[in-house]
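The next block is coords-v2.cif, given as mmCIF, C-alpha atoms and all ligand atoms.
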data_final
#
loop_
_atom_site.label_atom_id
_atom_site.label_comp_id
_atom_site.auth_asym_id
_atom_site.auth_seq_id
_atom_site.Cartn_x
_atom_site.Cartn_y
_atom_site.Cartn_z
CA MET I 1 2.22 -6.64 40.44
CA THR I 2 2.77 -8.55 37.16
CA GLU I 3 4.96 -5.73 35.79
CA GLN I 4 7.38 -6.23 38.68
CA ALA I 5 7.25 -10.03 38.60
CA LEU I 6 10.17 -10.53 36.22
CA LEU I 7 12.27 -7.85 37.94
CA ASN I 8 11.71 -9.58 41.27
CA GLU I 9 12.53 -12.98 39.79
CA ILE I 10 15.78 -11.66 38.27
CA LYS I 11 16.81 -10.06 41.57
CA ALA I 12 16.10 -13.32 43.41
CA LEU I 13 18.22 -15.23 40.85
CA ILE I 14 21.12 -12.78 41.25
CA LYS I 15 20.91 -13.03 45.05
CA SER I 16 21.00 -16.83 44.95
CA SER I 17 23.41 -17.47 42.05
CA GLY I 18 25.47 -14.28 41.68
CA PRO I 19 25.69 -11.61 38.93
CA MET I 20 23.88 -12.47 35.69
CA PRO I 21 25.72 -12.17 32.33
CA VAL I 22 24.13 -9.65 29.94
CA TRP I 23 23.25 -12.44 27.44
CA ARG I 24 21.33 -14.33 30.12
CA TYR I 25 19.54 -11.14 31.21
CA MET I 26 18.58 -10.34 27.58
CA GLU I 27 17.36 -13.89 26.99
CA THR I 28 15.29 -13.77 30.20
CA CYS I 29 13.73 -10.38 29.34
CA LEU I 30 12.70 -11.58 25.88
CA MET I 31 11.98 -15.28 26.32
CA HIS I 32 11.03 -15.95 29.95
CA PRO I 33 8.29 -18.61 29.58
CA ARG I 34 5.71 -16.48 31.45
CA TYR I 35 6.82 -12.84 31.49
CA GLY I 36 9.16 -12.65 28.48
CA TYR I 37 8.57 -9.71 26.13
CA TYR I 38 8.28 -11.95 23.04
CA VAL I 39 6.17 -14.58 24.75
CA SER I 40 3.26 -12.44 25.76
CA ARG I 41 2.38 -9.67 23.30
CA ASP I 42 2.22 -8.08 19.85
CA PRO I 43 4.75 -5.26 20.21
CA LEU I 44 4.43 -3.80 16.69
CA GLY I 45 2.69 -0.79 15.24
CA ARG I 46 1.65 2.67 16.31
CA GLU I 47 0.00 1.48 19.54
CA GLY I 48 2.88 -0.89 20.26
CA ASP I 49 6.55 -0.23 20.97
CA PHE I 50 8.16 0.01 17.51
CA THR I 51 7.44 0.06 13.76
CA THR I 52 9.38 -2.08 11.30
CA SER I 53 9.97 -1.55 7.55
CA PRO I 54 7.19 -3.93 6.40
CA GLU I 55 4.77 -2.01 8.62
CA VAL I 56 5.90 1.31 7.09
CA SER I 57 4.92 0.31 3.55
CA GLN I 58 3.69 -2.59 1.41
CA MET I 59 6.54 -1.76 -1.00
CA PHE I 60 9.09 -3.36 1.33
CA GLY I 61 7.51 -6.84 1.30
CA GLU I 62 6.64 -6.61 -2.39
CA LEU I 63 10.27 -5.91 -3.32
CA LEU I 64 11.43 -8.84 -1.17
CA GLY I 65 8.93 -10.97 -3.10
CA LEU I 66 10.51 -9.84 -6.38
CA TRP I 67 13.99 -10.48 -4.93
CA THR I 68 12.83 -14.04 -4.10
CA ALA I 69 11.67 -14.48 -7.71
CA SER I 70 15.01 -13.37 -9.10
CA VAL I 71 16.92 -15.77 -6.81
CA TRP I 72 14.57 -18.59 -7.85
CA LYS I 73 15.36 -17.88 -11.52
CA GLN I 74 19.11 -17.89 -10.79
CA MET I 75 18.66 -21.23 -9.03
CA GLY I 76 17.33 -22.65 -12.32
CA SER I 77 13.60 -22.31 -11.46
CA PRO I 78 13.20 -25.43 -9.26
CA PRO I 79 9.60 -26.83 -9.31
CA SER I 80 9.23 -26.35 -5.56
CA LEU I 81 10.70 -23.75 -3.21
CA ARG I 82 10.44 -23.29 0.54
CA LEU I 83 9.93 -19.63 1.41
CA ILE I 84 11.08 -19.34 5.02
CA GLU I 85 10.69 -16.25 7.18
CA LEU I 86 12.41 -15.88 10.55
CA GLY I 87 10.49 -13.80 13.11
CA PRO I 88 7.62 -12.77 10.78
CA GLY I 89 5.97 -10.26 13.16
CA ARG I 90 2.40 -9.66 12.00
CA GLY I 91 2.86 -11.57 8.74
CA THR I 92 2.72 -8.31 6.78
CA MET I 93 5.98 -8.79 4.88
CA MET I 94 5.04 -12.33 3.83
CA ALA I 95 1.56 -11.22 2.69
CA ASP I 96 3.06 -8.42 0.58
CA ALA I 97 5.78 -10.68 -0.84
CA LEU I 98 3.22 -13.34 -1.82
CA ARG I 99 1.01 -10.76 -3.53
CA ALA I 100 3.98 -9.75 -5.68
CA LEU I 101 4.85 -13.39 -6.38
CA ARG I 102 1.37 -14.27 -7.60
CA VAL I 103 2.22 -12.83 -11.02
CA LEU I 104 4.68 -15.71 -11.52
CA PRO I 105 2.54 -18.91 -11.43
CA PRO I 106 5.40 -21.41 -12.06
CA LEU I 107 7.03 -20.18 -8.85
CA TYR I 108 3.89 -19.33 -6.87
CA GLN I 109 2.30 -22.75 -7.37
CA GLY I 110 5.39 -24.54 -6.08
CA LEU I 111 5.82 -22.39 -2.97
CA SER I 112 5.46 -23.71 0.56
CA ILE I 113 5.59 -21.15 3.35
CA HIS I 114 7.49 -21.75 6.61
CA LEU I 115 7.24 -19.27 9.46
CA VAL I 116 9.74 -19.55 12.32
CA GLU I 117 8.03 -17.84 15.25
CA VAL I 118 8.12 -18.34 19.02
CA ASN I 119 5.47 -15.79 19.99
CA PRO I 120 1.97 -17.33 20.28
CA VAL I 121 0.25 -13.93 20.07
CA LEU I 122 2.08 -13.11 16.83
CA ARG I 123 1.46 -16.60 15.43
CA GLU I 124 -2.27 -15.91 15.70
CA ARG I 125 -1.81 -12.54 14.07
CA GLN I 126 0.15 -14.15 11.20
CA GLN I 127 -2.60 -16.75 10.75
CA ALA I 128 -5.17 -13.96 10.36
CA THR I 129 -3.00 -11.90 7.99
CA LEU I 130 -2.33 -14.91 5.76
CA SER I 131 -5.81 -16.47 5.98
CA GLY I 132 -6.44 -15.94 2.24
CA VAL I 133 -3.27 -17.75 1.16
CA ARG I 134 -3.89 -21.19 -0.39
CA ASN I 135 -0.28 -22.43 -0.32
CA SER I 136 0.70 -24.66 2.59
CA ILE I 137 1.84 -22.63 5.63
CA THR I 138 3.67 -24.28 8.52
CA TRP I 139 4.83 -22.70 11.77
CA HIS I 140 8.07 -23.81 13.43
CA ASP I 141 9.86 -23.05 16.69
CA SER I 142 13.25 -23.16 14.98
CA ILE I 143 14.75 -23.32 11.48
CA ASP I 144 16.01 -26.78 12.48
CA ASP I 145 12.42 -28.02 12.10
CA VAL I 146 11.92 -26.80 8.50
CA PRO I 147 12.07 -29.81 6.13
CA ASP I 148 14.97 -30.05 3.67
CA GLY I 149 14.68 -28.57 0.18
CA PRO I 150 15.70 -25.54 -1.90
CA SER I 151 14.76 -22.40 -0.04
CA VAL I 152 14.79 -18.64 0.17
CA ILE I 153 15.06 -17.38 3.75
CA LEU I 154 14.02 -13.85 4.75
CA ALA I 155 14.86 -12.27 8.13
CA ASN I 156 13.96 -8.66 8.87
CA GLU I 157 14.77 -7.44 12.40
CA TYR I 158 15.35 -11.00 13.62
CA PHE I 159 19.06 -11.12 14.49
CA ASP I 160 18.90 -8.01 16.70
CA VAL I 161 16.70 -9.83 19.22
CA LEU I 162 19.09 -12.78 19.57
CA PRO I 163 20.96 -12.39 22.90
CA ILE I 164 24.43 -10.80 22.87
CA HIS I 165 27.43 -11.27 25.08
CA GLN I 166 28.99 -8.02 26.26
CA MET I 167 32.66 -7.89 27.20
CA ILE I 168 34.30 -4.94 28.92
CA LYS I 169 38.01 -4.17 28.60
CA ARG I 170 39.96 -3.77 31.85
CA GLU I 171 43.72 -3.32 32.45
CA ASP I 172 44.11 -7.08 32.93
CA GLY I 173 41.96 -8.21 29.96
CA TRP I 174 38.36 -8.57 28.77
CA ARG I 175 35.70 -9.48 31.33
CA GLU I 176 32.12 -10.62 30.71
CA ARG I 177 29.71 -7.76 31.49
CA VAL I 178 27.09 -8.72 34.07
CA ILE I 179 24.00 -7.38 35.81
CA GLU I 180 24.21 -7.06 39.59
CA ILE I 181 22.30 -5.39 42.42
CA ASP I 182 23.46 -1.97 43.69
CA PRO I 183 23.36 -0.91 47.39
CA ASN I 184 19.87 0.60 46.84
CA GLY I 185 18.49 -2.68 45.55
CA ASN I 186 18.38 -1.62 41.85
CA LEU I 187 19.92 -3.46 38.91
CA GLN I 188 23.22 -2.11 37.58
CA PHE I 189 25.94 -3.16 35.15
CA GLY I 190 29.13 -4.72 36.50
CA ALA I 191 31.95 -6.98 35.34
CA ALA I 192 32.86 -10.60 36.08
CA SER I 193 35.40 -10.96 38.90
CA GLU I 194 38.06 -12.46 36.55
CA PRO I 195 39.03 -11.74 32.92
CA THR I 196 38.07 -14.36 30.30
CA PRO I 197 41.37 -16.15 29.49
CA ARG I 198 42.84 -15.40 26.03
CA PHE I 199 39.61 -13.68 24.85
CA ASP I 200 41.54 -11.04 22.87
CA VAL I 201 43.23 -13.68 20.68
CA LEU I 202 39.95 -14.13 18.77
CA LEU I 203 39.23 -10.42 18.34
CA PRO I 204 39.51 -8.40 15.10
CA PRO I 205 42.56 -6.01 15.37
CA LEU I 206 40.37 -2.87 15.58
CA VAL I 207 38.62 -4.25 18.67
CA ARG I 208 41.82 -5.58 20.26
CA ALA I 209 43.23 -2.04 20.17
CA ALA I 210 40.18 -0.53 21.95
CA PRO I 211 40.91 1.54 25.09
CA VAL I 212 40.30 0.31 28.65
CA GLY I 213 36.60 0.70 29.46
CA ALA I 214 35.48 -0.16 25.89
CA VAL I 215 32.60 -2.60 25.44
CA PHE I 216 32.55 -5.28 22.73
CA GLU I 217 29.41 -7.23 21.84
CA TRP I 218 29.23 -10.60 20.16
CA ARG I 219 26.58 -13.17 19.34
CA PRO I 220 27.15 -16.90 19.03
CA ASP I 221 27.39 -17.88 15.33
CA THR I 222 24.91 -20.75 15.75
CA GLU I 223 21.96 -19.19 13.89
CA ILE I 224 23.89 -17.74 10.94
CA MET I 225 25.79 -21.01 10.52
CA LYS I 226 22.50 -22.91 10.31
CA LEU I 227 21.28 -20.60 7.52
CA ALA I 228 24.60 -20.75 5.68
CA SER I 229 24.91 -24.52 5.78
CA ARG I 230 21.29 -24.93 4.74
CA VAL I 231 21.65 -22.83 1.56
CA ARG I 232 25.07 -24.36 0.86
CA ASP I 233 23.76 -27.95 1.04
CA GLN I 234 20.21 -27.62 -0.25
CA ASP I 235 20.42 -24.67 -2.61
CA GLY I 236 18.98 -21.20 -2.20
CA ALA I 237 19.76 -17.94 -0.48
CA ALA I 238 19.03 -15.95 2.65
CA LEU I 239 18.48 -12.22 3.03
CA ILE I 240 19.22 -10.65 6.41
CA ILE I 241 18.07 -7.10 7.07
CA ASP I 242 18.72 -5.41 10.39
CA TYR I 243 20.17 -2.36 12.05
CA GLY I 244 23.83 -2.71 12.72
CA HIS I 245 27.39 -1.96 11.71
CA LEU I 246 29.34 -3.05 8.65
CA ARG I 247 32.59 -3.64 10.54
CA SER I 248 33.18 -5.31 13.91
CA ASP I 249 33.96 -2.59 16.43
CA ALA I 250 33.87 -1.87 20.15
CA CYS I 251 30.57 -0.21 21.08
CA ASP I 252 27.73 -0.57 23.56
CA THR I 253 24.44 -0.84 21.66
CA PHE I 254 22.39 -2.78 24.21
CA GLN I 255 19.12 -0.83 24.28
CA ALA I 256 15.48 -0.96 25.26
CA ILE I 257 12.57 0.51 23.31
CA ALA I 258 9.10 1.02 24.72
CA ARG I 259 6.33 3.13 23.18
CA HIS I 260 8.66 4.24 20.38
CA THR I 261 11.24 5.78 22.73
CA PHE I 262 14.48 4.58 24.28
CA ALA I 263 14.12 3.22 27.80
CA ASP I 264 16.55 2.04 30.49
CA PRO I 265 17.16 -1.67 29.71
CA LEU I 266 17.53 -2.44 33.42
CA LYS I 267 14.34 -0.69 34.62
CA ALA I 268 11.43 -2.89 33.62
CA PRO I 269 12.58 -6.30 32.31
CA GLY I 270 9.98 -7.97 30.09
CA GLN I 271 8.13 -4.67 29.51
CA ALA I 272 10.36 -3.26 26.75
CA ASP I 273 12.02 -4.68 23.63
CA VAL I 274 15.70 -5.21 24.43
CA THR I 275 17.97 -5.46 21.41
CA ALA I 276 21.51 -4.82 20.22
CA HIS I 277 22.91 -3.87 16.83
CA VAL I 278 23.96 -6.62 14.45
CA ASP I 279 27.66 -7.04 13.58
CA PHE I 280 27.44 -7.69 9.83
CA GLU I 281 31.15 -8.39 9.47
CA ALA I 282 30.83 -11.20 12.01
CA LEU I 283 27.77 -12.64 10.23
CA ALA I 284 29.53 -12.53 6.85
CA ARG I 285 32.68 -14.15 8.25
CA ALA I 286 30.72 -16.99 9.88
CA ALA I 287 28.74 -17.65 6.67
CA GLU I 288 31.94 -17.73 4.59
CA ASP I 289 33.60 -20.04 7.10
CA VAL I 290 30.96 -22.69 6.42
CA GLY I 291 31.38 -22.31 2.65
CA ALA I 292 28.40 -20.14 1.65
CA ARG I 293 28.81 -17.18 -0.72
CA VAL I 294 28.34 -13.75 0.85
CA HIS I 295 26.71 -10.82 -1.01
CA GLY I 296 27.06 -7.30 0.41
CA PRO I 297 26.37 -6.05 2.98
CA VAL I 298 24.91 -2.84 1.57
CA THR I 299 22.75 -0.18 3.18
CA GLN I 300 18.96 -0.63 3.09
CA SER I 301 18.72 2.52 0.99
CA ASP I 302 21.10 1.15 -1.66
CA PHE I 303 19.38 -2.23 -1.65
CA LEU I 304 15.85 -0.87 -2.02
CA LYS I 305 16.87 1.55 -4.75
CA ARG I 306 18.68 -1.16 -6.68
CA VAL I 307 15.65 -3.46 -6.56
CA GLY I 308 13.39 -0.69 -7.81
CA ILE I 309 11.63 1.06 -4.92
CA ASP I 310 11.47 4.40 -6.79
CA THR I 311 9.73 2.81 -9.77
CA ARG I 312 7.32 0.90 -7.52
CA ALA I 313 6.48 4.06 -5.56
CA ALA I 314 5.87 6.01 -8.78
CA ALA I 315 3.54 3.26 -10.10
CA LEU I 316 1.56 3.20 -6.84
CA MET I 317 1.34 6.99 -6.69
CA GLN I 318 -0.03 7.20 -10.21
CA LYS I 319 -3.15 5.26 -9.19
CA ALA I 320 -3.50 6.86 -5.74
CA THR I 321 -5.55 9.73 -4.34
CA PRO I 322 -3.47 12.81 -3.42
CA GLU I 323 -3.60 11.83 0.30
CA VAL I 324 -2.45 8.26 -0.38
CA ALA I 325 0.23 9.53 -2.79
CA THR I 326 1.60 11.70 0.04
CA ASP I 327 1.65 8.65 2.37
CA ILE I 328 3.59 6.66 -0.26
CA SER I 329 6.10 9.46 -0.71
CA VAL I 330 6.58 9.76 3.10
CA ALA I 331 7.07 5.97 3.40
CA LEU I 332 9.59 5.95 0.53
CA LYS I 333 11.57 8.70 2.24
CA ARG I 334 11.44 6.92 5.59
CA LEU I 335 12.64 3.55 4.28
CA THR I 336 15.51 5.07 2.29
CA ASP I 337 16.46 7.96 4.57
CA THR I 338 20.26 8.14 4.83
CA GLY I 339 20.35 11.00 7.33
CA ARG I 340 21.68 10.38 10.83
CA GLY I 341 19.70 7.52 12.40
CA GLY I 342 17.57 7.11 9.22
CA MET I 343 16.35 3.64 8.28
CA GLY I 344 18.12 3.79 4.92
CA SER I 345 21.57 3.94 6.50
CA MET I 346 21.04 2.38 9.95
CA PHE I 347 19.74 -0.84 8.37
CA LYS I 348 22.07 -3.08 6.37
CA VAL I 349 21.26 -5.93 4.01
CA LEU I 350 23.36 -9.10 3.69
CA GLY I 351 22.79 -11.98 1.30
CA ILE I 352 24.20 -15.47 1.70
CA SER I 353 23.77 -18.21 -0.86
CA GLU I 354 24.78 -21.48 -2.37
CA PRO I 355 28.28 -20.73 -3.74
CA ARG I 356 27.42 -20.91 -7.46
CA LEU I 357 24.86 -18.07 -7.19
CA ARG I 358 26.56 -14.76 -8.02
CA GLY I 359 25.50 -11.14 -8.10
CA LEU I 360 22.17 -11.43 -6.29
CA ALA I 361 19.75 -8.57 -7.02
CA GLY I 362 20.37 -5.43 -4.99
CA LEU I 363 23.60 -6.72 -3.50
CA SER I 364 27.07 -6.86 -4.89
CA ASP I 365 29.96 -9.30 -4.58
CA LEU I 366 32.51 -6.60 -5.27
CA GLU I 367 31.58 -3.38 -3.58
CA GLN I 368 30.86 -2.64 0.06
CA ALA I 369 28.51 0.10 1.19
CA GLY I 370 30.38 3.05 2.65
CA GLY I 371 30.20 4.30 6.23
CA ASN I 372 29.57 2.31 9.34
C1 LIG B 1 11.49 -7.14 15.95
S1 LIG B 1 10.26 -8.28 15.52
C2 LIG B 1 10.35 -8.21 13.75
C3 LIG B 1 9.07 -8.65 13.12
C4 LIG B 1 9.02 -8.65 11.58
N1 LIG B 1 10.13 -9.37 10.99
C5 LIG B 1 8.93 -7.26 11.02
O1 LIG B 1 9.90 -6.82 10.39
O2 LIG B 1 7.90 -6.62 11.20
C6 LIG B 1 11.06 -9.83 15.92
C7 LIG B 1 10.29 -11.06 15.51
O3 LIG B 1 11.07 -12.22 15.85
C8 LIG B 1 10.30 -13.10 16.68
N2 LIG B 1 11.27 -13.76 17.56
C9 LIG B 1 11.95 -13.26 18.59
N3 LIG B 1 12.81 -14.18 19.09
C10 LIG B 1 12.68 -15.28 18.33
C11 LIG B 1 13.30 -16.56 18.34
N4 LIG B 1 14.23 -16.89 19.22
N5 LIG B 1 12.91 -17.46 17.40
C12 LIG B 1 11.95 -17.15 16.49
N6 LIG B 1 11.34 -15.93 16.44
C13 LIG B 1 11.69 -15.03 17.36
C14 LIG B 1 9.32 -12.17 17.36
O4 LIG B 1 8.22 -12.79 17.95
C15 LIG B 1 8.97 -11.27 16.20
O5 LIG B 1 8.08 -11.88 15.30
#
As structure tokens - that is how I would like this structure written.
Amino acid sequence: MTEQALLNEIKALIKSSGPMPVWRYMETCLMHPRYGYYVSRDPLGREGDFTTSPEVSQMFGELLGLWTASVWKQMGSPPSLRLIELGPGRGTMMADALRALRVLPPLYQGLSIHLVEVNPVLRERQQATLSGVRNSITWHDSIDDVPDGPSVILANEYFDVLPIHQMIKREDGWRERVIEIDPNGNLQFGAASEPTPRFDVLLPPLVRAAPVGAVFEWRPDTEIMKLASRVRDQDGAALIIDYGHLRSDACDTFQAIARHTFADPLKAPGQADVTAHVDFEALARAAEDVGARVHGPVTQSDFLKRVGIDTRAAALMQKATPEVATDISVALKRLTDTGRGGMGSMFKVLGISEPRLRGLAGLSDLEQAGGN
């Protein structure tokens, strides 16, 4: 059965090569060349597995378009700008952003669009969504392939799919968390046979003090460093929006989502979206280390309110039928909901930029959003 194919392949790999680190398991689930979750399907929307902010409302992409315009002005209105999106899903956010940008011809006419996408099914979907756009659109496998030049980079729910390492604290130190096979032949979590030497030296103090049994997750800084050095050297800014925590802390957030509900990440590899929260403190630190300026992070609710979501919603509602006006009001509430687990507080927004750009719209150099 195809659904079992990846599970069987992972079990065979573990039997031949030993327990598999969580990062390798996550990478295999998402990117296996044949059965990987992001290689074979469109997972978005009501009939899919999850719904993202751009799919909740056009307002989200439109406001990111206006944010792009304000950054472009701060950059000194360069005659050409690369608008890069990482992991553009169905292309909805880009379509909405471009519609908002059309009112500014000096920027719109100089825009080239660059979509970094690995999923062939979603690439086709993006092509269809953006078929009416006359600007040049290029697809890339990696940001490394996007030509040099001033740019604005947008990434919504992109970093959470990049594989994480999980470490588990034992009496004798931190060990890499692994996936192994239990006596009944099912996958289970375990720990490497030896601690990773001197791992705790690199840890933030809060994490170092975690009790035995605590789990700490980290991602390699490779991707954020690429974005930071690009905007530092070639001018521009990046906006990263994702669910995650403001401060590095010990927690296990490795999760699977299928059909809009949480699933066991070890049950059906390749059949569910496996993700982990984003550590915004780690992203900010890595960006600063390469010499980019960091803005925020702030909560999604604060960001969207500061860039004018209430005004935009009111304008749309004025022209809408009562039914559509209700939809707009529900979407506004959903995107900015700061209740427990709400998108407005779960999601954080981080800006990084060329160092001379200060006070980017919706973000703040001075204040940090409260909570975790
Ligand atoms: C959770 S979806 C978010 C989609 C979209 N940004 C949105 O908000 O609706 C993740 C996106 O990243 C893409 N993706 C996953 N891994 C990737 C990788 N390593 N490189 C480029 N894109 C990737 C997926 O195909 C998908 O488009």
*Collect all residues with atoms no farther than 8 Å from ligand LIG 1 (chain B), counting only C-alpha atoms and all ligand atoms, and output them as a count of residues only.*
35
*Could you check which of I:Gly270, I:Pro355, I:Thr338, I:Asp289 is closest to Glu27 in chain I, using only C-alpha atoms?*
I:Gly270
*I:Glu3, I:Glu171, I:Glu9, I:Asp148: which is nearest Asp233 in chain I, counting only C-alpha atoms?*
I:Asp148
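Of the residues under consideration (I:Pro163, I:Gly291, I:Pro79, I:Pro183), I:Pro163 shows the shortest atom-to-atom contact distance to Trp218 in chain I when counting only C-alpha atoms.
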*asked:* Which residue is closest to Thr129 in chain I? Choose from I:Arg340, I:Arg177, I:Ala95, I:Ser229 and count all atoms listed in the file.
replied: I:Ala95
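Relative to CA of Arg46 in chain I, CA of Phe262 in chain I is found at 15.2 Å.
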*Take CA of Ala287 in chain I and CA of Val215 in chain I and report the distance between them in Å, one decimal.*
24.4 Å
Expected file for range 221-290 of chain I keeping C-alpha atoms, as a PDB file, in the first residue's frame:
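Printed below is part.pdb as written:
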ATOM      1  CA  ASP I 221      21.018  28.734  11.090  1.00  0.00           C
ATOM      2  CA  THR I 222      21.789  28.175   7.400  1.00  0.00           C
ATOM      3  CA  GLU I 223      18.533  29.551   5.948  1.00  0.00           C
ATOM      4  CA  ILE I 224      18.202  32.630   8.178  1.00  0.00           C
ATOM      5  CA  MET I 225      21.870  33.478   7.599  1.00  0.00           C
ATOM      6  CA  LYS I 226      21.310  33.392   3.840  1.00  0.00           C
ATOM      7  CA  LEU I 227      18.409  35.854   4.152  1.00  0.00           C
ATOM      8  CA  ALA I 228      20.323  38.101   6.534  1.00  0.00           C
ATOM      9  CA  SER I 229      23.470  38.271   4.441  1.00  0.00           C
ATOM     10  CA  ARG I 230      21.438  38.873   1.292  1.00  0.00           C
ATOM     11  CA  VAL I 231      19.619  41.939   2.685  1.00  0.00           C
ATOM     12  CA  ARG I 232      22.827  43.158   4.363  1.00  0.00           C
ATOM     13  CA  ASP I 233      24.843  43.031   1.118  1.00  0.00           C
ATOM     14  CA  GLN I 234      22.246  43.834  -1.530  1.00  0.00           C
ATOM     15  CA  ASP I 235      19.778  46.027   0.320  1.00  0.00           C
ATOM     16  CA  GLY I 236      16.246  45.225   1.384  1.00  0.00           C
ATOM     17  CA  ALA I 237      14.392  43.423   4.127  1.00  0.00           C
ATOM     18  CA  ALA I 238      12.787  40.108   4.990  1.00  0.00           C
ATOM     19  CA  LEU I 239       9.582  39.439   6.905  1.00  0.00           C
ATOM     20  CA  ILE I 240       9.243  36.092   8.667  1.00  0.00           C
ATOM     21  CA  ILE I 241       5.849  35.076  10.020  1.00  0.00           C
ATOM     22  CA  ASP I 242       5.352  31.765  11.790  1.00  0.00           C
ATOM     23  CA  TYR I 243       4.070  30.119  14.921  1.00  0.00           C
ATOM     24  CA  GLY I 244       6.665  29.939  17.593  1.00  0.00           C
ATOM     25  CA  HIS I 245       8.140  31.351  20.780  1.00  0.00           C
ATOM     26  CA  LEU I 246       9.797  34.690  21.436  1.00  0.00           C
ATOM     27  CA  ARG I 247      12.483  33.261  23.718  1.00  0.00           C
ATOM     28  CA  SER I 248      14.578  30.107  23.345  1.00  0.00           C
ATOM     29  CA  ASP I 249      13.246  27.546  25.809  1.00  0.00           C
ATOM     30  CA  ALA I 250      13.105  23.806  26.411  1.00  0.00           C
ATOM     31  CA  CYS I 251       9.900  22.363  24.921  1.00  0.00           C
ATOM     32  CA  ASP I 252       8.755  19.575  22.634  1.00  0.00           C
ATOM     33  CA  THR I 253       6.710  21.051  19.784  1.00  0.00           C
ATOM     34  CA  PHE I 254       7.290  18.385  17.141  1.00  0.00           C
ATOM     35  CA  GLN I 255       3.780  17.786  15.805  1.00  0.00           C
ATOM     36  CA  ALA I 256       1.770  16.360  12.946  1.00  0.00           C
ATOM     37  CA  ILE I 257      -1.404  17.834  11.466  1.00  0.00           C
ATOM     38  CA  ALA I 258      -3.752  15.967   9.166  1.00  0.00           C
ATOM     39  CA  ARG I 259      -7.284  17.012   8.222  1.00  0.00           C
ATOM     40  CA  HIS I 260      -7.080  20.010  10.554  1.00  0.00           C
ATOM     41  CA  THR I 261      -6.406  17.917  13.676  1.00  0.00           C
ATOM     42  CA  PHE I 262      -3.285  16.869  15.552  1.00  0.00           C
ATOM     43  CA  ALA I 263      -2.003  13.421  14.637  1.00  0.00           C
ATOM     44  CA  ASP I 264       0.744  11.139  15.969  1.00  0.00           C
ATOM     45  CA  PRO I 265       3.915  12.214  14.083  1.00  0.00           C
ATOM     46  CA  LEU I 266       5.212   8.631  14.118  1.00  0.00           C
ATOM     47  CA  LYS I 267       2.048   6.935  12.800  1.00  0.00           C
ATOM     48  CA  ALA I 268       1.854   7.686   9.094  1.00  0.00           C
ATOM     49  CA  PRO I 269       5.051   9.337   7.795  1.00  0.00           C
ATOM     50  CA  GLY I 270       4.480  11.307   4.588  1.00  0.00           C
ATOM     51  CA  GLN I 271       0.703  11.454   5.163  1.00  0.00           C
ATOM     52  CA  ALA I 272       0.619  14.375   7.604  1.00  0.00           C
ATOM     53  CA  ASP I 273       2.351  17.759   7.821  1.00  0.00           C
ATOM     54  CA  VAL I 274       5.113  17.470  10.416  1.00  0.00           C
ATOM     55  CA  THR I 275       6.322  20.766  11.843  1.00  0.00           C
ATOM     56  CA  ALA I 276       7.844  22.353  14.931  1.00  0.00           C
ATOM     57  CA  HIS I 277       7.531  25.824  16.409  1.00  0.00           C
ATOM     58  CA  VAL I 278      10.018  28.483  15.367  1.00  0.00           C
ATOM     59  CA  ASP I 279      12.497  29.833  17.944  1.00  0.00           C
ATOM     60  CA  PHE I 280      12.401  33.566  17.133  1.00  0.00           C
ATOM     61  CA  GLU I 281      15.171  34.436  19.574  1.00  0.00           C
ATOM     62  CA  ALA I 282      17.487  32.043  17.728  1.00  0.00           C
ATOM     63  CA  LEU I 283      16.510  33.514  14.337  1.00  0.00           C
ATOM     64  CA  ALA I 284      17.085  37.070  15.570  1.00  0.00           C
ATOM     65  CA  ARG I 285      20.456  36.183  17.105  1.00  0.00           C
ATOM     66  CA  ALA I 286      21.675  34.497  13.913  1.00  0.00           C
ATOM     67  CA  ALA I 287      20.572  37.462  11.759  1.00  0.00           C
ATOM     68  CA  GLU I 288      22.328  39.930  14.074  1.00  0.00           C
ATOM     69  CA  ASP I 289      25.467  37.793  14.081  1.00  0.00           C
ATOM     70  CA  VAL I 290      25.832  38.293  10.330  1.00  0.00           C
TER      71      VAL I 290
END
